[in-house]
>>> print(open('structure-v4.pdb').read())   # PDB, C-alpha atoms and all ligand atoms
ATOM      1  CA  MET Y1492     -17.357  -7.235  -1.590  1.00  0.00           C
ATOM      2  CA  GLU Y1493     -19.585  -6.102   1.230  1.00  0.00           C
ATOM      3  CA  GLN Y1494     -20.364  -2.346   0.965  1.00  0.00           C
ATOM      4  CA  ARG Y1495     -19.302  -1.645   4.553  1.00  0.00           C
ATOM      5  CA  THR Y1496     -15.931  -3.329   3.961  1.00  0.00           C
ATOM      6  CA  LEU Y1497     -15.429  -1.382   0.744  1.00  0.00           C
ATOM      7  CA  LEU Y1498     -16.241   1.952   2.397  1.00  0.00           C
ATOM      8  CA  LYS Y1499     -14.095   1.260   5.475  1.00  0.00           C
ATOM      9  CA  LEU Y1500     -11.179   0.304   3.215  1.00  0.00           C
ATOM     10  CA  VAL Y1501     -11.563   3.522   1.203  1.00  0.00           C
ATOM     11  CA  GLU Y1502     -11.763   5.545   4.423  1.00  0.00           C
ATOM     12  CA  GLU Y1503      -8.616   3.950   5.851  1.00  0.00           C
ATOM     13  CA  LEU Y1504      -6.716   4.278   2.542  1.00  0.00           C
ATOM     14  CA  ASN Y1505      -7.600   7.944   2.588  1.00  0.00           C
ATOM     15  CA  GLU Y1506      -6.332   8.337   6.150  1.00  0.00           C
ATOM     16  CA  LEU Y1507      -3.065   6.571   5.273  1.00  0.00           C
ATOM     17  CA  ALA Y1508      -2.599   8.709   2.144  1.00  0.00           C
ATOM     18  CA  THR Y1509      -3.223  11.856   4.192  1.00  0.00           C
ATOM     19  CA  VAL Y1510      -0.667  11.039   6.886  1.00  0.00           C
ATOM     20  CA  LEU Y1511       1.923   9.950   4.264  1.00  0.00           C
ATOM     21  CA  LEU Y1512       1.480  13.265   2.476  1.00  0.00           C
ATOM     22  CA  GLN Y1513       1.733  15.149   5.771  1.00  0.00           C
ATOM     23  CA  GLN Y1514       5.031  13.352   6.456  1.00  0.00           C
ATOM     24  CA  HIS Y1515       6.279  14.183   2.973  1.00  0.00           C
ATOM     25  CA  ASN Y1516       5.293  17.840   3.288  1.00  0.00           C
ATOM     26  CA  LYS Y1517       6.662  18.227   6.819  1.00  0.00           C
ATOM     27  CA  PRO Y1518       9.815  16.081   6.983  1.00  0.00           C
ATOM     28  CA  HIS Y1519      10.863  17.749  10.270  1.00  0.00           C
ATOM     29  CA  LYS Y1520       7.822  16.160  11.971  1.00  0.00           C
ATOM     30  CA  ASN Y1521       7.935  12.516  13.063  1.00  0.00           C
ATOM     31  CA  LEU Y1522       4.645  10.891  12.055  1.00  0.00           C
ATOM     32  CA  GLN Y1523       5.904   7.304  12.215  1.00  0.00           C
ATOM     33  CA  ASN Y1524       3.387   6.263  14.906  1.00  0.00           C
ATOM     34  CA  GLU Y1525       0.473   7.696  12.916  1.00  0.00           C
ATOM     35  CA  ILE Y1526       1.737   6.024   9.720  1.00  0.00           C
ATOM     36  CA  GLU Y1527       2.047   2.665  11.498  1.00  0.00           C
ATOM     37  CA  GLU Y1528      -1.468   2.982  12.908  1.00  0.00           C
ATOM     38  CA  GLU Y1529      -3.033   3.868   9.564  1.00  0.00           C
ATOM     39  CA  MET Y1530      -1.077   1.145   7.777  1.00  0.00           C
ATOM     40  CA  GLY Y1531      -2.381  -1.355  10.322  1.00  0.00           C
ATOM     41  CA  ASP Y1532      -5.938  -0.132   9.728  1.00  0.00           C
ATOM     42  CA  VAL Y1533      -5.510  -0.475   5.952  1.00  0.00           C
ATOM     43  CA  LEU Y1534      -3.973  -3.953   6.174  1.00  0.00           C
ATOM     44  CA  MET Y1535      -6.806  -5.130   8.411  1.00  0.00           C
ATOM     45  CA  TRP Y1536      -9.472  -4.006   5.922  1.00  0.00           C
ATOM     46  CA  ILE Y1537      -7.512  -5.335   2.946  1.00  0.00           C
ATOM     47  CA  LYS Y1538      -7.355  -8.714   4.665  1.00  0.00           C
ATOM     48  CA  LYS Y1539     -11.126  -8.655   5.080  1.00  0.00           C
ATOM     49  CA  ALA Y1540     -11.768  -7.384   1.531  1.00  0.00           C
ATOM     50  CA  LYS Y1541      -9.484 -10.067   0.027  1.00  0.00           C
ATOM     51  CA  LYS Y1542     -11.805 -12.797   1.277  1.00  0.00           C
ATOM     52  CA  SER Y1543     -14.300 -12.079  -1.491  1.00  0.00           C
ATOM     53  CA  LEU Y1544     -11.693 -11.631  -4.261  1.00  0.00           C
ATOM     54  CA  ASN Y1545      -9.615 -14.013  -6.370  1.00  0.00           C
ATOM     55  CA  LYS Y1546      -6.497 -14.615  -4.259  1.00  0.00           C
ATOM     56  CA  LYS Y1547      -4.604 -16.246  -7.144  1.00  0.00           C
ATOM     57  CA  ALA Y1548      -5.180 -13.187  -9.340  1.00  0.00           C
ATOM     58  CA  ILE Y1549      -3.920 -10.925  -6.557  1.00  0.00           C
ATOM     59  CA  LYS Y1550      -0.861 -13.144  -6.053  1.00  0.00           C
ATOM     60  CA  ARG Y1551      -0.122 -13.125  -9.812  1.00  0.00           C
ATOM     61  CA  ARG Y1552      -0.340  -9.332  -9.842  1.00  0.00           C
ATOM     62  CA  ILE Y1553       2.037  -9.056  -6.860  1.00  0.00           C
ATOM     63  CA  GLU Y1554       4.557 -11.336  -8.609  1.00  0.00           C
ATOM     64  CA  TRP Y1555       4.270  -9.259 -11.798  1.00  0.00           C
ATOM     65  CA  LYS Y1556       4.862  -6.024  -9.867  1.00  0.00           C
ATOM     66  CA  LYS Y1557       7.890  -7.529  -8.070  1.00  0.00           C
ATOM     67  CA  THR Y1558       9.372  -8.699 -11.386  1.00  0.00           C
ATOM     68  CA  LYS Y1559       8.827  -5.285 -12.971  1.00  0.00           C
ATOM     69  CA  LEU Y1560      10.467  -3.547 -10.000  1.00  0.00           C
ATOM     70  CA  GLN Y1561      13.476  -5.911 -10.100  1.00  0.00           C
ATOM     71  CA  LEU Y1562      13.914  -5.279 -13.833  1.00  0.00           C
ATOM     72  CA  LYS Y1563      13.664  -1.532 -13.307  1.00  0.00           C
ATOM     73  CA  GLU Y1564      16.232  -1.610 -10.470  1.00  0.00           C
ATOM     74  CA  LYS Y1565      18.581  -3.795 -12.525  1.00  0.00           C
ATOM     75  CA  PHE Y1566      18.235  -1.500 -15.518  1.00  0.00           C
ATOM     76  CA  ASN Y1567      18.929   1.570 -13.370  1.00  0.00           C
ATOM     77  CA  SER Y1568      21.985   0.013 -11.677  1.00  0.00           C
ATOM     78  CA  ASP Y1569      23.338  -1.170 -15.063  1.00  0.00           C
ATOM     79  CA  TRP Y1570      22.700   2.283 -16.480  1.00  0.00           C
ATOM     80  CA  GLU Y1571      24.578   3.971 -13.607  1.00  0.00           C
ATOM     81  CA  ALA Y1572      27.558   1.579 -13.765  1.00  0.00           C
TER      82      ALA Y1572
HETATM   83 MG    MG Y1601      -7.514   4.882  10.588  1.00  0.00          MG
END
>>> encode(input="structure-v4.pdb", output="structure tokens")
Amino acid sequence: MEQRTLLKLVEELNELATVLLQQHNKPHKNLQNEIEEEMGDVLMWIKKAKKSLNKKAIKRRIEWKKTKLQLKEKFNSDWEA
């Protein structure tokens, strides 16, 4: 991955994390616009960074995470029933 892309992605991830934490810590404030902007920035740099990575490996990981989440949700709903 190109160094500039890597650093821009880290910078934008940091900005998104910061605004998400601000929203969590100050729930009375509405930071939706800022969150949407930072998420857009992150997604743009992820899209660029993905070009030099193995897309199939990323897709497999996403499917694995989705499956794990579904199992967890099913387990929790069965547990609560
Ligand atoms: Mg930004």
>>> residues_around(input="structure-v4.pdb", residues="Gln1494 of chain Y", least_positions_apart="4", cutoff="12 Å", atoms="all atoms listed in the file", output="count of residues only")
7
>>> resolve_selection(input="structure-v4.pdb", expression="the PyMOL selection byres (((not hetatm)) within 8 of (chain Y and resi 1601))", output="PyMOL selection string")
chain Y and resi 1502-1503+1506-1507+1528-1530+1532-1533
>>> atom_distance(input="structure-v4.pdb", atom1="atom CA of Phe1566 of chain Y", atom2="atom CA of Ala1548 of chain Y")
26.9 Å
>>> resolve_selection(input="structure-v4.pdb", expression="the PyMOL selection byres (((chain Y and resi 1525) around 12) and not hetatm)", output="PyMOL selection string")
chain Y and resi 1506-1514+1520-1524+1526-1532
>>> write_last_selection(input="structure-v4.pdb", atoms="C-alpha atoms", output="PDB file, in the coordinates of the input")
ATOM      1  CA  GLU Y1506      -6.332   8.337   6.150  1.00  0.00           C
ATOM      2  CA  LEU Y1507      -3.065   6.571   5.273  1.00  0.00           C
ATOM      3  CA  ALA Y1508      -2.599   8.709   2.144  1.00  0.00           C
ATOM      4  CA  THR Y1509      -3.223  11.856   4.192  1.00  0.00           C
ATOM      5  CA  VAL Y1510      -0.667  11.039   6.886  1.00  0.00           C
ATOM      6  CA  LEU Y1511       1.923   9.950   4.264  1.00  0.00           C
ATOM      7  CA  LEU Y1512       1.480  13.265   2.476  1.00  0.00           C
ATOM      8  CA  GLN Y1513       1.733  15.149   5.771  1.00  0.00           C
ATOM      9  CA  GLN Y1514       5.031  13.352   6.456  1.00  0.00           C
ATOM     10  CA  LYS Y1520       7.822  16.160  11.971  1.00  0.00           C
ATOM     11  CA  ASN Y1521       7.935  12.516  13.063  1.00  0.00           C
ATOM     12  CA  LEU Y1522       4.645  10.891  12.055  1.00  0.00           C
ATOM     13  CA  GLN Y1523       5.904   7.304  12.215  1.00  0.00           C
ATOM     14  CA  ASN Y1524       3.387   6.263  14.906  1.00  0.00           C
ATOM     15  CA  ILE Y1526       1.737   6.024   9.720  1.00  0.00           C
ATOM     16  CA  GLU Y1527       2.047   2.665  11.498  1.00  0.00           C
ATOM     17  CA  GLU Y1528      -1.468   2.982  12.908  1.00  0.00           C
ATOM     18  CA  GLU Y1529      -3.033   3.868   9.564  1.00  0.00           C
ATOM     19  CA  MET Y1530      -1.077   1.145   7.777  1.00  0.00           C
ATOM     20  CA  GLY Y1531      -2.381  -1.355  10.322  1.00  0.00           C
ATOM     21  CA  ASP Y1532      -5.938  -0.132   9.728  1.00  0.00           C
TER      22      ASP Y1532
END
>>> atom_distance(input="structure-v4.pdb", atom1="atom CA of Asn1545 of chain Y", atom2="atom CA of Met1492 of chain Y")
11.3 Å
>>> atom_distance(input="structure-v4.pdb", atom1="atom CA of Asn1516 of chain Y", atom2="atom CA of Leu1534 of chain Y")
23.9 Å
>>> axis_aligned_box(input="structure-v4.pdb", around="segment 1514-1525 of chain Y", padding_each_side="3 Å", output="AutoDock Vina command-line options")
--center_x 5.7 --center_y 12.2 --center_z 8.9 --size_x 16.4 --size_y 18.0 --size_z 17.9
>>> closest_residue(input="structure-v4.pdb", among="Y:Arg1551, Y:Leu1504, Y:Gln1561, Y:Glu1571", to="Trp1536 of chain Y", atoms="all atoms listed in the file")
Y:Leu1504
>>> build_atoms(input="structure-v4.pdb", residues="segment 1520-1550 of chain Y", atoms="N, CA and C atoms", output="compact mmCIF listing (two decimals), in the coordinates of the input")
# COMPACT_ATOMS: atom_id res chain seq x y z
N LYS Y 1520 8.73 16.81 11.02
CA LYS Y 1520 7.82 16.16 11.97
C LYS Y 1520 8.00 14.65 11.91
N ASN Y 1521 7.84 13.97 13.06
CA ASN Y 1521 7.94 12.52 13.06
C ASN Y 1521 6.53 11.92 13.19
N LEU Y 1522 6.01 11.44 12.07
CA LEU Y 1522 4.64 10.89 12.06
C LEU Y 1522 4.65 9.37 11.96
N GLN Y 1523 5.77 8.76 12.35
CA GLN Y 1523 5.90 7.30 12.22
C GLN Y 1523 4.78 6.55 12.95
N ASN Y 1524 4.46 6.96 14.16
CA ASN Y 1524 3.39 6.26 14.91
C ASN Y 1524 2.06 6.33 14.17
N GLU Y 1525 1.73 7.52 13.64
CA GLU Y 1525 0.47 7.70 12.92
C GLU Y 1525 0.47 6.85 11.63
N ILE Y 1526 1.63 6.82 10.95
CA ILE Y 1526 1.74 6.02 9.72
C ILE Y 1526 1.54 4.54 10.04
N GLU Y 1527 2.18 4.08 11.11
CA GLU Y 1527 2.05 2.66 11.50
C GLU Y 1527 0.60 2.32 11.84
N GLU Y 1528 -0.06 3.23 12.56
CA GLU Y 1528 -1.47 2.98 12.91
C GLU Y 1528 -2.35 2.89 11.67
N GLU Y 1529 -2.19 3.86 10.77
CA GLU Y 1529 -3.03 3.87 9.56
C GLU Y 1529 -2.72 2.69 8.64
N MET Y 1530 -1.43 2.30 8.59
CA MET Y 1530 -1.08 1.14 7.78
C MET Y 1530 -1.71 -0.12 8.35
N GLY Y 1531 -1.72 -0.22 9.66
CA GLY Y 1531 -2.38 -1.36 10.32
C GLY Y 1531 -3.87 -1.38 10.00
N ASP Y 1532 -4.50 -0.22 10.05
CA ASP Y 1532 -5.94 -0.13 9.73
C ASP Y 1532 -6.18 -0.60 8.29
N VAL Y 1533 -5.35 -0.11 7.37
CA VAL Y 1533 -5.51 -0.48 5.95
C VAL Y 1533 -5.32 -1.98 5.75
N LEU Y 1534 -4.26 -2.52 6.36
CA LEU Y 1534 -3.97 -3.95 6.17
C LEU Y 1534 -5.10 -4.82 6.73
N MET Y 1535 -5.70 -4.38 7.84
CA MET Y 1535 -6.81 -5.13 8.41
C MET Y 1535 -7.99 -5.18 7.45
N TRP Y 1536 -8.32 -4.04 6.84
CA TRP Y 1536 -9.47 -4.01 5.92
C TRP Y 1536 -9.16 -4.67 4.59
N ILE Y 1537 -7.90 -4.62 4.17
CA ILE Y 1537 -7.51 -5.34 2.95
C ILE Y 1537 -7.67 -6.84 3.17
N LYS Y 1538 -7.24 -7.29 4.34
CA LYS Y 1538 -7.36 -8.71 4.66
C LYS Y 1538 -8.82 -9.15 4.59
N LYS Y 1539 -9.70 -8.33 5.10
CA LYS Y 1539 -11.13 -8.65 5.08
C LYS Y 1539 -11.67 -8.58 3.64
N ALA Y 1540 -11.27 -7.56 2.91
CA ALA Y 1540 -11.77 -7.38 1.53
C ALA Y 1540 -11.29 -8.52 0.62
N LYS Y 1541 -10.07 -9.00 0.86
CA LYS Y 1541 -9.48 -10.07 0.03
C LYS Y 1541 -10.31 -11.34 0.04
N LYS Y 1542 -11.04 -11.55 1.12
CA LYS Y 1542 -11.80 -12.80 1.28
C LYS Y 1542 -12.81 -13.01 0.15
N SER Y 1543 -13.31 -11.92 -0.42
CA SER Y 1543 -14.30 -12.08 -1.49
C SER Y 1543 -13.70 -11.88 -2.88
N LEU Y 1544 -12.36 -11.83 -2.97
CA LEU Y 1544 -11.69 -11.63 -4.26
C LEU Y 1544 -10.87 -12.87 -4.64
N ASN Y 1545 -10.40 -12.89 -5.86
CA ASN Y 1545 -9.62 -14.01 -6.37
C ASN Y 1545 -8.17 -13.90 -5.88
N LYS Y 1546 -7.83 -14.71 -4.88
CA LYS Y 1546 -6.50 -14.62 -4.26
C LYS Y 1546 -5.37 -14.95 -5.24
N LYS Y 1547 -5.64 -15.89 -6.15
CA LYS Y 1547 -4.60 -16.25 -7.14
C LYS Y 1547 -4.32 -15.07 -8.07
N ALA Y 1548 -5.36 -14.36 -8.46
CA ALA Y 1548 -5.18 -13.19 -9.34
C ALA Y 1548 -4.38 -12.10 -8.62
N ILE Y 1549 -4.66 -11.93 -7.35
CA ILE Y 1549 -3.92 -10.92 -6.56
C ILE Y 1549 -2.45 -11.34 -6.45
N LYS Y 1550 -2.23 -12.63 -6.18
CA LYS Y 1550 -0.86 -13.14 -6.05
C LYS Y 1550 -0.09 -12.98 -7.37
